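Raw contents of target-v8.pdb, PDB, C-alpha atoms and all ligand atoms:
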ATOM      1  CA  MET A   1      43.483  60.832 -47.747  1.00  0.00           C
ATOM      2  CA  PHE A   2      44.448  58.392 -44.998  1.00  0.00           C
ATOM      3  CA  MET A   3      43.913  55.398 -47.352  1.00  0.00           C
ATOM      4  CA  PHE A   4      45.984  57.120 -50.055  1.00  0.00           C
ATOM      5  CA  MET A   5      48.863  57.663 -47.603  1.00  0.00           C
ATOM      6  CA  MET A   6      48.593  54.023 -46.458  1.00  0.00           C
ATOM      7  CA  LYS A   7      48.814  52.747 -50.058  1.00  0.00           C
ATOM      8  CA  LEU A   8      51.831  54.958 -50.696  1.00  0.00           C
ATOM      9  CA  SER A   9      53.663  53.701 -47.616  1.00  0.00           C
ATOM     10  CA  ILE A  10      52.914  50.032 -48.467  1.00  0.00           C
ATOM     11  CA  LYS A  11      54.268  50.610 -51.956  1.00  0.00           C
ATOM     12  CA  ALA A  12      57.378  52.316 -50.567  1.00  0.00           C
ATOM     13  CA  ALA A  13      57.932  49.432 -48.119  1.00  0.00           C
ATOM     14  CA  GLN A  14      57.601  46.888 -50.948  1.00  0.00           C
ATOM     15  CA  HIS A  15      60.097  48.862 -53.020  1.00  0.00           C
ATOM     16  CA  LEU A  16      62.586  48.927 -50.131  1.00  0.00           C
ATOM     17  CA  GLN A  17      62.042  45.207 -49.521  1.00  0.00           C
ATOM     18  CA  SER A  18      62.728  44.441 -53.200  1.00  0.00           C
ATOM     19  CA  LEU A  19      66.034  46.332 -52.924  1.00  0.00           C
ATOM     20  CA  VAL A  20      67.144  44.234 -49.940  1.00  0.00           C
ATOM     21  CA  PHE A  21      65.643  40.922 -51.121  1.00  0.00           C
ATOM     22  CA  PRO A  22      65.126  41.253 -54.889  1.00  0.00           C
ATOM     23  CA  TYR A  23      62.370  39.124 -56.413  1.00  0.00           C
ATOM     24  CA  ALA A  24      63.737  36.150 -58.335  1.00  0.00           C
ATOM     25  CA  CYS A  25      62.211  34.413 -61.352  1.00  0.00           C
ATOM     26  CA  VAL A  26      60.959  30.959 -60.244  1.00  0.00           C
ATOM     27  CA  LEU A  27      62.300  29.382 -63.431  1.00  0.00           C
ATOM     28  CA  CYS A  28      65.734  30.951 -64.058  1.00  0.00           C
ATOM     29  CA  GLY A  29      66.468  32.684 -60.742  1.00  0.00           C
ATOM     30  CA  ASP A  30      67.229  36.073 -62.361  1.00  0.00           C
ATOM     31  CA  THR A  31      66.254  39.114 -60.324  1.00  0.00           C
ATOM     32  CA  MET A  32      63.194  40.998 -61.503  1.00  0.00           C
ATOM     33  CA  GLN A  33      61.118  44.006 -60.509  1.00  0.00           C
ATOM     34  CA  SER A  34      57.641  42.516 -60.232  1.00  0.00           C
ATOM     35  CA  THR A  35      56.299  39.746 -58.007  1.00  0.00           C
ATOM     36  CA  GLN A  36      54.698  37.806 -60.829  1.00  0.00           C
ATOM     37  CA  GLY A  37      56.760  34.605 -60.487  1.00  0.00           C
ATOM     38  CA  CYS A  38      58.424  34.260 -63.839  1.00  0.00           C
ATOM     39  CA  CYS A  39      60.494  36.765 -65.860  1.00  0.00           C
ATOM     40  CA  ALA A  40      59.505  37.964 -69.345  1.00  0.00           C
ATOM     41  CA  SER A  41      62.247  35.933 -71.022  1.00  0.00           C
ATOM     42  CA  CYS A  42      61.142  32.639 -69.371  1.00  0.00           C
ATOM     43  CA  LEU A  43      57.495  33.444 -70.079  1.00  0.00           C
ATOM     44  CA  GLN A  44      58.317  33.788 -73.758  1.00  0.00           C
ATOM     45  CA  ASP A  45      60.167  30.459 -73.687  1.00  0.00           C
ATOM     46  CA  LEU A  46      57.235  28.487 -72.160  1.00  0.00           C
ATOM     47  CA  LYS A  47      55.627  26.157 -74.664  1.00  0.00           C
ATOM     48  CA  VAL A  48      52.204  24.740 -73.892  1.00  0.00           C
ATOM     49  CA  MET A  49      50.653  21.937 -75.914  1.00  0.00           C
ATOM     50  CA  PRO A  50      49.030  23.307 -79.081  1.00  0.00           C
ATOM     51  CA  LYS A  51      45.235  23.590 -78.961  1.00  0.00           C
ATOM     52  CA  PHE A  52      44.536  21.044 -81.708  1.00  0.00           C
ATOM     53  CA  SER A  53      45.630  17.481 -81.077  1.00  0.00           C
ATOM     54  CA  CYS A  54      44.733  13.825 -81.583  1.00  0.00           C
ATOM     55  CA  LEU A  55      42.230  13.040 -78.831  1.00  0.00           C
ATOM     56  CA  SER A  56      43.540   9.505 -78.551  1.00  0.00           C
ATOM     57  CA  CYS A  57      47.334   9.970 -78.251  1.00  0.00           C
ATOM     58  CA  GLY A  58      47.578  13.735 -77.707  1.00  0.00           C
ATOM     59  CA  ILE A  59      50.035  14.592 -80.517  1.00  0.00           C
ATOM     60  CA  PRO A  60      49.551  18.052 -82.038  1.00  0.00           C
ATOM     61  CA  LEU A  61      47.514  17.957 -85.263  1.00  0.00           C
ATOM     62  CA  ASP A  62      46.561  20.455 -87.916  1.00  0.00           C
ATOM     63  CA  ALA A  63      43.247  22.160 -86.987  1.00  0.00           C
ATOM     64  CA  SER A  64      41.539  20.504 -89.967  1.00  0.00           C
ATOM     65  CA  LEU A  65      42.570  17.009 -88.737  1.00  0.00           C
ATOM     66  CA  ALA A  66      41.769  17.490 -85.014  1.00  0.00           C
ATOM     67  CA  PRO A  67      40.552  15.687 -82.931  1.00  0.00           C
ATOM     68  CA  GLY A  68      41.857  12.791 -85.010  1.00  0.00           C
ATOM     69  CA  PRO A  69      42.436   9.928 -84.675  1.00  0.00           C
ATOM     70  CA  CYS A  70      45.886  10.453 -86.207  1.00  0.00           C
ATOM     71  CA  GLY A  71      47.380   7.907 -88.635  1.00  0.00           C
ATOM     72  CA  THR A  72      49.245   6.026 -85.898  1.00  0.00           C
ATOM     73  CA  CYS A  73      46.134   5.668 -83.721  1.00  0.00           C
ATOM     74  CA  LEU A  74      44.102   4.596 -86.764  1.00  0.00           C
ATOM     75  CA  ASN A  75      46.617   1.828 -87.429  1.00  0.00           C
ATOM     76  CA  LYS A  76      46.739   0.669 -83.833  1.00  0.00           C
ATOM     77  CA  ALA A  77      44.243   1.863 -81.259  1.00  0.00           C
ATOM     78  CA  LEU A  78      45.621   2.791 -77.833  1.00  0.00           C
ATOM     79  CA  PRO A  79      44.214   1.214 -74.637  1.00  0.00           C
ATOM     80  CA  GLN A  80      43.399   4.669 -73.241  1.00  0.00           C
ATOM     81  CA  GLN A  81      40.349   6.641 -74.413  1.00  0.00           C
ATOM     82  CA  GLN A  82      42.197   9.954 -74.421  1.00  0.00           C
ATOM     83  CA  THR A  83      45.667  11.345 -73.770  1.00  0.00           C
ATOM     84  CA  ARG A  84      46.221  14.892 -72.526  1.00  0.00           C
ATOM     85  CA  HIS A  85      49.414  16.852 -71.930  1.00  0.00           C
ATOM     86  CA  LEU A  86      50.062  20.279 -70.447  1.00  0.00           C
ATOM     87  CA  TYR A  87      53.450  21.441 -71.712  1.00  0.00           C
ATOM     88  CA  LEU A  88      55.992  20.588 -74.370  1.00  0.00           C
ATOM     89  CA  TYR A  89      59.111  19.067 -72.811  1.00  0.00           C
ATOM     90  CA  ARG A  90      61.687  21.665 -73.803  1.00  0.00           C
ATOM     91  CA  GLY A  91      63.400  24.867 -72.688  1.00  0.00           C
ATOM     92  CA  LYS A  92      62.397  26.181 -69.273  1.00  0.00           C
ATOM     93  CA  VAL A  93      59.765  23.464 -68.752  1.00  0.00           C
ATOM     94  CA  ARG A  94      62.464  20.824 -69.255  1.00  0.00           C
ATOM     95  CA  ASP A  95      64.795  22.707 -66.868  1.00  0.00           C
ATOM     96  CA  ALA A  96      62.053  22.899 -64.203  1.00  0.00           C
ATOM     97  CA  ILE A  97      61.290  19.162 -64.514  1.00  0.00           C
ATOM     98  CA  LEU A  98      64.969  18.224 -64.279  1.00  0.00           C
ATOM     99  CA  ALA A  99      65.483  20.499 -61.226  1.00  0.00           C
ATOM    100  CA  TRP A 100      62.521  18.725 -59.595  1.00  0.00           C
ATOM    101  CA  LYS A 101      63.513  15.170 -60.553  1.00  0.00           C
ATOM    102  CA  LEU A 102      67.271  15.364 -60.125  1.00  0.00           C
ATOM    103  CA  GLN A 103      67.720  17.971 -57.377  1.00  0.00           C
ATOM    104  CA  GLY A 104      64.367  17.836 -55.588  1.00  0.00           C
ATOM    105  CA  GLN A 105      63.718  21.536 -56.281  1.00  0.00           C
ATOM    106  CA  ASP A 106      60.036  21.814 -57.096  1.00  0.00           C
ATOM    107  CA  MET A 107      59.507  25.599 -57.094  1.00  0.00           C
ATOM    108  CA  GLY A 108      59.409  25.800 -60.902  1.00  0.00           C
ATOM    109  CA  MET A 109      57.132  22.754 -61.191  1.00  0.00           C
ATOM    110  CA  GLN A 110      54.743  24.128 -58.572  1.00  0.00           C
ATOM    111  CA  TRP A 111      54.546  27.435 -60.407  1.00  0.00           C
ATOM    112  CA  LEU A 112      53.988  25.718 -63.781  1.00  0.00           C
ATOM    113  CA  LEU A 113      51.138  23.706 -62.267  1.00  0.00           C
ATOM    114  CA  GLN A 114      49.521  26.682 -60.526  1.00  0.00           C
ATOM    115  CA  THR A 115      49.764  28.722 -63.719  1.00  0.00           C
ATOM    116  CA  ALA A 116      47.867  25.922 -65.491  1.00  0.00           C
ATOM    117  CA  THR A 117      45.085  25.702 -62.858  1.00  0.00           C
ATOM    118  CA  GLN A 118      42.364  26.782 -65.292  1.00  0.00           C
ATOM    119  CA  GLN A 119      43.474  24.194 -67.861  1.00  0.00           C
ATOM    120  CA  LEU A 120      43.770  21.494 -65.167  1.00  0.00           C
ATOM    121  CA  THR A 121      40.262  22.141 -63.831  1.00  0.00           C
ATOM    122  CA  SER A 122      38.958  21.849 -67.389  1.00  0.00           C
ATOM    123  CA  ILE A 123      40.605  18.395 -67.672  1.00  0.00           C
ATOM    124  CA  PHE A 124      40.016  16.920 -64.174  1.00  0.00           C
ATOM    125  CA  SER A 125      36.806  16.937 -62.139  1.00  0.00           C
ATOM    126  CA  PRO A 126      36.494  16.378 -58.363  1.00  0.00           C
ATOM    127  CA  HIS A 127      34.987  12.942 -59.163  1.00  0.00           C
ATOM    128  CA  ASP A 128      38.079  11.838 -61.093  1.00  0.00           C
ATOM    129  CA  LEU A 129      40.589   9.331 -59.790  1.00  0.00           C
ATOM    130  CA  LEU A 130      44.304   9.895 -60.406  1.00  0.00           C
ATOM    131  CA  ILE A 131      46.553   6.832 -60.617  1.00  0.00           C
ATOM    132  CA  PRO A 132      50.295   7.584 -60.691  1.00  0.00           C
ATOM    133  CA  VAL A 133      52.449   5.446 -62.996  1.00  0.00           C
ATOM    134  CA  PRO A 134      54.348   3.418 -60.391  1.00  0.00           C
ATOM    135  CA  MET A 135      58.103   3.736 -60.266  1.00  0.00           C
ATOM    136  CA  PRO A 136      60.597   0.847 -60.040  1.00  0.00           C
ATOM    137  CA  LEU A 137      61.480   0.304 -56.377  1.00  0.00           C
ATOM    138  CA  TYR A 138      65.235   0.757 -56.855  1.00  0.00           C
ATOM    139  CA  ARG A 139      64.683   4.208 -58.415  1.00  0.00           C
ATOM    140  CA  MET A 140      62.338   5.255 -55.651  1.00  0.00           C
ATOM    141  CA  ARG A 141      64.865   4.137 -53.045  1.00  0.00           C
ATOM    142  CA  ARG A 142      67.623   6.070 -54.797  1.00  0.00           C
ATOM    143  CA  SER A 143      65.773   9.360 -55.171  1.00  0.00           C
ATOM    144  CA  GLY A 144      63.546   9.086 -52.098  1.00  0.00           C
ATOM    145  CA  LEU A 145      60.751  10.526 -54.227  1.00  0.00           C
ATOM    146  CA  HIS A 146      57.915   9.199 -56.318  1.00  0.00           C
ATOM    147  CA  HIS A 147      57.539  11.854 -58.981  1.00  0.00           C
ATOM    148  CA  SER A 148      54.273  10.812 -60.635  1.00  0.00           C
ATOM    149  CA  ALA A 149      52.644  10.357 -57.189  1.00  0.00           C
ATOM    150  CA  ASP A 150      53.902  13.803 -56.166  1.00  0.00           C
ATOM    151  CA  LEU A 151      52.473  15.209 -59.403  1.00  0.00           C
ATOM    152  CA  CYS A 152      49.102  13.543 -58.696  1.00  0.00           C
ATOM    153  CA  GLN A 153      48.987  15.067 -55.196  1.00  0.00           C
ATOM    154  CA  ASN A 154      49.629  18.517 -56.620  1.00  0.00           C
ATOM    155  CA  ILE A 155      46.980  18.140 -59.335  1.00  0.00           C
ATOM    156  CA  ALA A 156      44.517  16.842 -56.730  1.00  0.00           C
ATOM    157  CA  LYS A 157      45.134  19.936 -54.568  1.00  0.00           C
ATOM    158  CA  LEU A 158      44.326  22.217 -57.503  1.00  0.00           C
ATOM    159  CA  THR A 159      41.346  20.330 -58.945  1.00  0.00           C
ATOM    160  CA  GLY A 160      39.738  18.477 -56.018  1.00  0.00           C
ATOM    161  CA  SER A 161      40.224  15.072 -57.675  1.00  0.00           C
ATOM    162  CA  ARG A 162      41.475  12.087 -55.656  1.00  0.00           C
ATOM    163  CA  VAL A 163      44.662  10.023 -55.792  1.00  0.00           C
ATOM    164  CA  GLN A 164      44.787   6.224 -55.619  1.00  0.00           C
ATOM    165  CA  TRP A 165      48.306   4.817 -55.660  1.00  0.00           C
ATOM    166  CA  GLN A 166      47.734   1.238 -54.501  1.00  0.00           C
ATOM    167  CA  ILE A 167      45.791  -0.312 -57.376  1.00  0.00           C
ATOM    168  CA  LEU A 168      48.507  -0.194 -60.031  1.00  0.00           C
ATOM    169  CA  ARG A 169      51.781  -1.874 -59.071  1.00  0.00           C
ATOM    170  CA  ARG A 170      55.263  -2.029 -60.535  1.00  0.00           C
ATOM    171  CA  LYS A 171      56.692  -5.522 -60.482  1.00  0.00           C
ATOM    172  CA  GLY A 172      60.235  -6.387 -59.431  1.00  0.00           C
ATOM    173  CA  ASP A 173      63.403  -4.332 -59.752  1.00  0.00           C
ATOM    174  CA  ASP A 174      63.115  -4.122 -63.507  1.00  0.00           C
ATOM    175  CA  LYS A 175      65.950  -2.804 -65.640  1.00  0.00           C
ATOM    176  CA  ARG A 176      66.056   0.874 -66.464  1.00  0.00           C
ATOM    177  CA  GLN A 177      64.080   1.461 -69.674  1.00  0.00           C
ATOM    178  CA  SER A 178      66.719   3.734 -71.204  1.00  0.00           C
ATOM    179  CA  SER A 179      69.292   0.900 -71.020  1.00  0.00           C
ATOM    180  CA  LEU A 180      67.094  -1.293 -73.242  1.00  0.00           C
ATOM    181  CA  HIS A 181      66.231  -1.099 -76.913  1.00  0.00           C
ATOM    182  CA  GLY A 182      63.459  -2.202 -79.251  1.00  0.00           C
ATOM    183  CA  LYS A 183      61.834  -5.486 -78.389  1.00  0.00           C
ATOM    184  CA  ALA A 184      63.668  -5.890 -75.049  1.00  0.00           C
ATOM    185  CA  ARG A 185      62.242  -2.524 -73.981  1.00  0.00           C
ATOM    186  CA  GLN A 186      58.696  -3.546 -74.943  1.00  0.00           C
ATOM    187  CA  THR A 187      58.971  -6.950 -73.233  1.00  0.00           C
ATOM    188  CA  ASN A 188      60.358  -5.320 -70.105  1.00  0.00           C
ATOM    189  CA  LEU A 189      57.476  -2.845 -69.996  1.00  0.00           C
ATOM    190  CA  HIS A 190      54.886  -5.455 -70.847  1.00  0.00           C
ATOM    191  CA  LYS A 191      55.762  -7.307 -67.649  1.00  0.00           C
ATOM    192  CA  ALA A 192      56.373  -4.225 -65.528  1.00  0.00           C
ATOM    193  CA  PHE A 193      52.833  -3.468 -64.323  1.00  0.00           C
ATOM    194  CA  SER A 194      50.159  -5.430 -62.525  1.00  0.00           C
ATOM    195  CA  LEU A 195      46.959  -4.782 -60.612  1.00  0.00           C
ATOM    196  CA  ALA A 196      46.731  -5.252 -56.855  1.00  0.00           C
ATOM    197  CA  ASP A 197      44.768  -8.404 -55.964  1.00  0.00           C
ATOM    198  CA  ASN A 198      42.117  -6.340 -54.185  1.00  0.00           C
ATOM    199  CA  HIS A 199      41.736  -3.748 -56.988  1.00  0.00           C
ATOM    200  CA  GLN A 200      38.028  -4.496 -57.524  1.00  0.00           C
ATOM    201  CA  ASP A 201      37.278  -4.084 -53.796  1.00  0.00           C
ATOM    202  CA  VAL A 202      39.217  -0.814 -53.714  1.00  0.00           C
ATOM    203  CA  LEU A 203      37.452   0.503 -56.819  1.00  0.00           C
ATOM    204  CA  SER A 204      33.999  -0.484 -55.610  1.00  0.00           C
ATOM    205  CA  SER A 205      34.661   1.334 -52.317  1.00  0.00           C
ATOM    206  CA  LEU A 206      35.369   4.547 -54.231  1.00  0.00           C
ATOM    207  CA  ASP A 207      33.161   7.008 -56.054  1.00  0.00           C
ATOM    208  CA  THR A 208      33.893   6.133 -59.705  1.00  0.00           C
ATOM    209  CA  ARG A 209      31.466   8.568 -61.315  1.00  0.00           C
ATOM    210  CA  GLY A 210      34.408  10.439 -62.791  1.00  0.00           C
ATOM    211  CA  LYS A 211      37.215   9.375 -65.096  1.00  0.00           C
ATOM    212  CA  ILE A 212      40.151   7.187 -64.121  1.00  0.00           C
ATOM    213  CA  TRP A 213      43.418   8.815 -65.186  1.00  0.00           C
ATOM    214  CA  VAL A 214      46.862   7.245 -65.361  1.00  0.00           C
ATOM    215  CA  ILE A 215      49.354  10.051 -64.710  1.00  0.00           C
ATOM    216  CA  ASP A 216      53.028  10.390 -65.646  1.00  0.00           C
ATOM    217  CA  ASP A 217      55.438  13.315 -65.549  1.00  0.00           C
ATOM    218  CA  ILE A 218      57.173  13.068 -68.936  1.00  0.00           C
ATOM    219  CA  LEU A 219      56.002  11.277 -72.064  1.00  0.00           C
ATOM    220  CA  THR A 220      58.636  10.429 -74.667  1.00  0.00           C
ATOM    221  CA  THR A 221      57.630   7.408 -76.767  1.00  0.00           C
ATOM    222  CA  GLY A 222      54.364   6.912 -74.856  1.00  0.00           C
ATOM    223  CA  ALA A 223      55.200   3.228 -74.245  1.00  0.00           C
ATOM    224  CA  THR A 224      55.235   3.407 -70.419  1.00  0.00           C
ATOM    225  CA  LEU A 225      51.873   5.159 -70.233  1.00  0.00           C
ATOM    226  CA  ARG A 226      50.416   2.793 -72.845  1.00  0.00           C
ATOM    227  CA  HIS A 227      51.463  -0.330 -70.929  1.00  0.00           C
ATOM    228  CA  ALA A 228      50.245   1.101 -67.618  1.00  0.00           C
ATOM    229  CA  CYS A 229      46.870   1.948 -69.241  1.00  0.00           C
ATOM    230  CA  ARG A 230      46.630  -1.531 -70.794  1.00  0.00           C
ATOM    231  CA  VAL A 231      46.923  -3.108 -67.351  1.00  0.00           C
ATOM    232  CA  MET A 232      44.481  -0.593 -65.817  1.00  0.00           C
ATOM    233  CA  LYS A 233      41.962  -1.554 -68.525  1.00  0.00           C
ATOM    234  CA  GLN A 234      41.667  -4.954 -66.858  1.00  0.00           C
ATOM    235  CA  THR A 235      39.532  -3.130 -64.284  1.00  0.00           C
ATOM    236  CA  LYS A 236      36.864  -2.973 -67.085  1.00  0.00           C
ATOM    237  CA  GLN A 237      36.707   0.817 -66.666  1.00  0.00           C
ATOM    238  CA  PRO A 238      37.494   3.320 -69.431  1.00  0.00           C
ATOM    239  CA  ILE A 239      41.004   4.661 -68.823  1.00  0.00           C
ATOM    240  CA  PHE A 240      42.377   8.131 -69.595  1.00  0.00           C
ATOM    241  CA  ALA A 241      46.023   9.209 -69.719  1.00  0.00           C
ATOM    242  CA  PHE A 242      47.809  12.432 -68.781  1.00  0.00           C
ATOM    243  CA  SER A 243      51.400  13.613 -68.791  1.00  0.00           C
ATOM    244  CA  PHE A 244      52.737  16.890 -67.439  1.00  0.00           C
ATOM    245  CA  ALA A 245      54.982  17.347 -70.493  1.00  0.00           C
ATOM    246  CA  ARG A 246      55.687  15.496 -73.722  1.00  0.00           C
ATOM    247  CA  THR A 247      58.504  15.583 -76.208  1.00  0.00           C
ATOM    248  CA  TRP A 248      57.589  16.867 -79.649  1.00  0.00           C
ATOM    249  CA  GLN A 249      59.767  17.780 -82.614  1.00  0.00           C
ATOM    250  CA  ASP A 250      57.711  19.780 -85.099  1.00  0.00           C
ATOM    251  CA  SER A 251      56.447  22.962 -83.524  1.00  0.00           C
TER     252      SER A 251
HETATM  253 ZN    ZN B 301      63.297  33.668 -65.799  1.00  0.00          ZN
HETATM  254 ZN    ZN B 302      46.919   9.729 -82.251  1.00  0.00          ZN
END
How would this structure read if it were set down as structure tokens?
Amino acid sequence: MFMFMMKLSIKAAQHLQSLVFPYACVLCGDTMQSTQGCCASCLQDLKVMPKFSCLSCGIPLDASLAPGPCGTCLNKALPQQQTRHLYLYRGKVRDAILAWKLQGQDMGMQWLLQTATQQLTSIFSPHDLLIPVPMPLYRMRRSGLHHSADLCQNIAKLTGSRVQWQILRRKGDDKRQSSLHGKARQTNLHKAFSLADNHQDVLSSLDTRGKIWVIDDILTTGATLRHACRVMKQTKQPIFAFSFARTWQDS
């Protein structure tokens, strides 16, 4: 009887608290009754990567064609062994990424990562090494943040894997990719990454029983991740690639 009364009073206190400080959806900010993080409308809008995809580049494929390789990968093999993505870059996922990257508000991103813990632990093991795609210095100075490194730290917290951000370097104050087109964009990226001189010493001092992942937040054309992986392949280790979200038209 005492326990029953206790439960009732806790419930009543929570109800009163929700009237004074209503729970807000972590993605849209709307008030909601429950404490579950995200409202029903946002939950419905969330798009995760479809189950069947090309193992090499990660694009969604018909179940009969998975795990690929897809036509593009057959024509030209990628430097990375595998590419994995969590979400499709659209709707509320896109909003959460932009709030994180442009306004430094990471509540939505944190929730999207925590919600994907089971999926993340199926991708990353505690032996794995996470290498963030380095950011041009001028962009890091402007935002004060390094988004792919931040993402790596959060994934490492959830999966037990480790982060190494000193091996892969970004050279110079290169021009913003979106201001370049076609060949100029490729040439710019081709020269953008390099390995630290002591990369072999660093790698041999680490447990490399797991996979080495190159991690980026958003994948659009895949060119940045591909060039970063190509340079990482000079370590003579198999390289894997991951992005938090990727753009995709047909789903
Ligand atoms: Zn919402
Ligand atoms: Zn492919």
Using all atoms listed in the file, which residues have at least one atom no more than 8 Å from ligand ZN 302 (chain B)? Output them as number ranges by chain. A: 53-59, 68-74
Could you tell me which residues the PyMOL selection byres (((not hetatm)) within 6 of (chain B and resi 301)) returns for this structure, as a PyMOL selection string? chain A and resi 25+27-28+30+38-39+41-42
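Interatomic distance, atom CA of A:Met135 to atom CA of A:Leu88: 22.1 Å.
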Within 12 Å of stretch 209-222 of chain A: each stretch 41-119 of chain A residue with its shortest pair, only C-alpha atoms, as a tab-separated table:
residue	atom	partner	partner_atom	distance
A:Ser56	CA	A:Gly222	CA	11.7
A:Cys57	CA	A:Gly222	CA	8.4
A:Gly58	CA	A:Gly222	CA	10.0
A:Ile59	CA	A:Gly222	CA	10.5
A:Leu78	CA	A:Gly222	CA	10.1
A:Pro79	CA	A:Val214	CA	11.4
A:Gln80	CA	A:Val214	CA	9.0
A:Gln81	CA	A:Trp213	CA	10.0
A:Gln82	CA	A:Trp213	CA	9.4
A:Thr83	CA	A:Trp213	CA	9.2
A:Arg84	CA	A:Ile215	CA	9.7
A:His85	CA	A:Leu219	CA	8.6
A:Leu86	CA	A:Asp217	CA	10.1
A:Tyr87	CA	A:Ile218	CA	9.6
A:Leu88	CA	A:Ile218	CA	9.4
A:Tyr89	CA	A:Ile218	CA	7.4
A:Arg90	CA	A:Ile218	CA	10.9
A:Val93	CA	A:Ile218	CA	10.7
A:Arg94	CA	A:Ile218	CA	9.4
A:Ala96	CA	A:Asp217	CA	11.7
A:Ile97	CA	A:Asp217	CA	8.3
A:Leu98	CA	A:Ile218	CA	10.4
A:Trp100	CA	A:Asp217	CA	10.7
A:Lys101	CA	A:Asp217	CA	9.7
A:Met109	CA	A:Asp217	CA	10.5
A:Leu113	CA	A:Asp217	CA	11.7
Dump of C-alpha atoms for the selected residues, as a PDB file, in the frame of the given file:
ATOM      1  CA  SER A  56      43.540   9.505 -78.551  1.00  0.00           C
ATOM      2  CA  CYS A  57      47.334   9.970 -78.251  1.00  0.00           C
ATOM      3  CA  GLY A  58      47.578  13.735 -77.707  1.00  0.00           C
ATOM      4  CA  ILE A  59      50.035  14.592 -80.517  1.00  0.00           C
ATOM      5  CA  LEU A  78      45.621   2.791 -77.833  1.00  0.00           C
ATOM      6  CA  PRO A  79      44.214   1.214 -74.637  1.00  0.00           C
ATOM      7  CA  GLN A  80      43.399   4.669 -73.241  1.00  0.00           C
ATOM      8  CA  GLN A  81      40.349   6.641 -74.413  1.00  0.00           C
ATOM      9  CA  GLN A  82      42.197   9.954 -74.421  1.00  0.00           C
ATOM     10  CA  THR A  83      45.667  11.345 -73.770  1.00  0.00           C
ATOM     11  CA  ARG A  84      46.221  14.892 -72.526  1.00  0.00           C
ATOM     12  CA  HIS A  85      49.414  16.852 -71.930  1.00  0.00           C
ATOM     13  CA  LEU A  86      50.062  20.279 -70.447  1.00  0.00           C
ATOM     14  CA  TYR A  87      53.450  21.441 -71.712  1.00  0.00           C
ATOM     15  CA  LEU A  88      55.992  20.588 -74.370  1.00  0.00           C
ATOM     16  CA  TYR A  89      59.111  19.067 -72.811  1.00  0.00           C
ATOM     17  CA  ARG A  90      61.687  21.665 -73.803  1.00  0.00           C
ATOM     18  CA  VAL A  93      59.765  23.464 -68.752  1.00  0.00           C
ATOM     19  CA  ARG A  94      62.464  20.824 -69.255  1.00  0.00           C
ATOM     20  CA  ALA A  96      62.053  22.899 -64.203  1.00  0.00           C
ATOM     21  CA  ILE A  97      61.290  19.162 -64.514  1.00  0.00           C
ATOM     22  CA  LEU A  98      64.969  18.224 -64.279  1.00  0.00           C
ATOM     23  CA  TRP A 100      62.521  18.725 -59.595  1.00  0.00           C
ATOM     24  CA  LYS A 101      63.513  15.170 -60.553  1.00  0.00           C
ATOM     25  CA  MET A 109      57.132  22.754 -61.191  1.00  0.00           C
ATOM     26  CA  LEU A 113      51.138  23.706 -62.267  1.00  0.00           C
TER      27      LEU A 113
END
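The nearest approach to A:Gln105 among the residues A:Arg170, A:Lys233, A:Gly37, A:Val26, with only C-alpha atoms taken into account, belongs to A:Val26.
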The centre and edge lengths of an axis-aligned box containing all atoms of stretch 74-89 of chain A present in the file, extended by 8 Å on each side, are to be given in Å to one decimal, as lines of an AutoDock Vina configuration file.
center_x = 49.7
center_y = 11.1
center_z = -78.9
size_x = 34.8
size_y = 36.8
size_z = 33.0
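Separating atom CA of A:Ala156 from atom CA of A:Pro67 is a distance of 26.5 Å.
Between A:Pro134 and the residues A:Ser122, A:Leu112, A:Leu195, A:Ser148, the shortest atom-to-atom distance, using all atoms listed in the file, involves A:Ser148.
With all atoms listed in the file as the atoms that count, the minimum distance from A:Ser125 to the choices A:Gln44, A:Gln200, A:Thr208, A:Thr187 is reached by A:Thr208.
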Quick one: apply the PyMOL selection byres (((chain A and resi 231) around 10) and not hetatm) to the file and drop the selected residues here as a PDB file with C-alpha atoms, keeping the file's coordinate frame.
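Done, and the output landed in expr27.pdb:
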ATOM      1  CA  PRO A  79      44.214   1.214 -74.637  1.00  0.00           C
ATOM      2  CA  LEU A 168      48.507  -0.194 -60.031  1.00  0.00           C
ATOM      3  CA  ARG A 169      51.781  -1.874 -59.071  1.00  0.00           C
ATOM      4  CA  HIS A 190      54.886  -5.455 -70.847  1.00  0.00           C
ATOM      5  CA  LYS A 191      55.762  -7.307 -67.649  1.00  0.00           C
ATOM      6  CA  ALA A 192      56.373  -4.225 -65.528  1.00  0.00           C
ATOM      7  CA  PHE A 193      52.833  -3.468 -64.323  1.00  0.00           C
ATOM      8  CA  SER A 194      50.159  -5.430 -62.525  1.00  0.00           C
ATOM      9  CA  LEU A 195      46.959  -4.782 -60.612  1.00  0.00           C
ATOM     10  CA  ARG A 226      50.416   2.793 -72.845  1.00  0.00           C
ATOM     11  CA  HIS A 227      51.463  -0.330 -70.929  1.00  0.00           C
ATOM     12  CA  ALA A 228      50.245   1.101 -67.618  1.00  0.00           C
ATOM     13  CA  CYS A 229      46.870   1.948 -69.241  1.00  0.00           C
ATOM     14  CA  ARG A 230      46.630  -1.531 -70.794  1.00  0.00           C
ATOM     15  CA  MET A 232      44.481  -0.593 -65.817  1.00  0.00           C
ATOM     16  CA  LYS A 233      41.962  -1.554 -68.525  1.00  0.00           C
ATOM     17  CA  GLN A 234      41.667  -4.954 -66.858  1.00  0.00           C
ATOM     18  CA  THR A 235      39.532  -3.130 -64.284  1.00  0.00           C
ATOM     19  CA  ILE A 239      41.004   4.661 -68.823  1.00  0.00           C
TER      20      ILE A 239
END
Picked residues, the PyMOL selection byres (((chain A and resi 130) around 6) and not hetatm), expected as a PyMOL selection string: chain A and resi 129+131+162-163+213
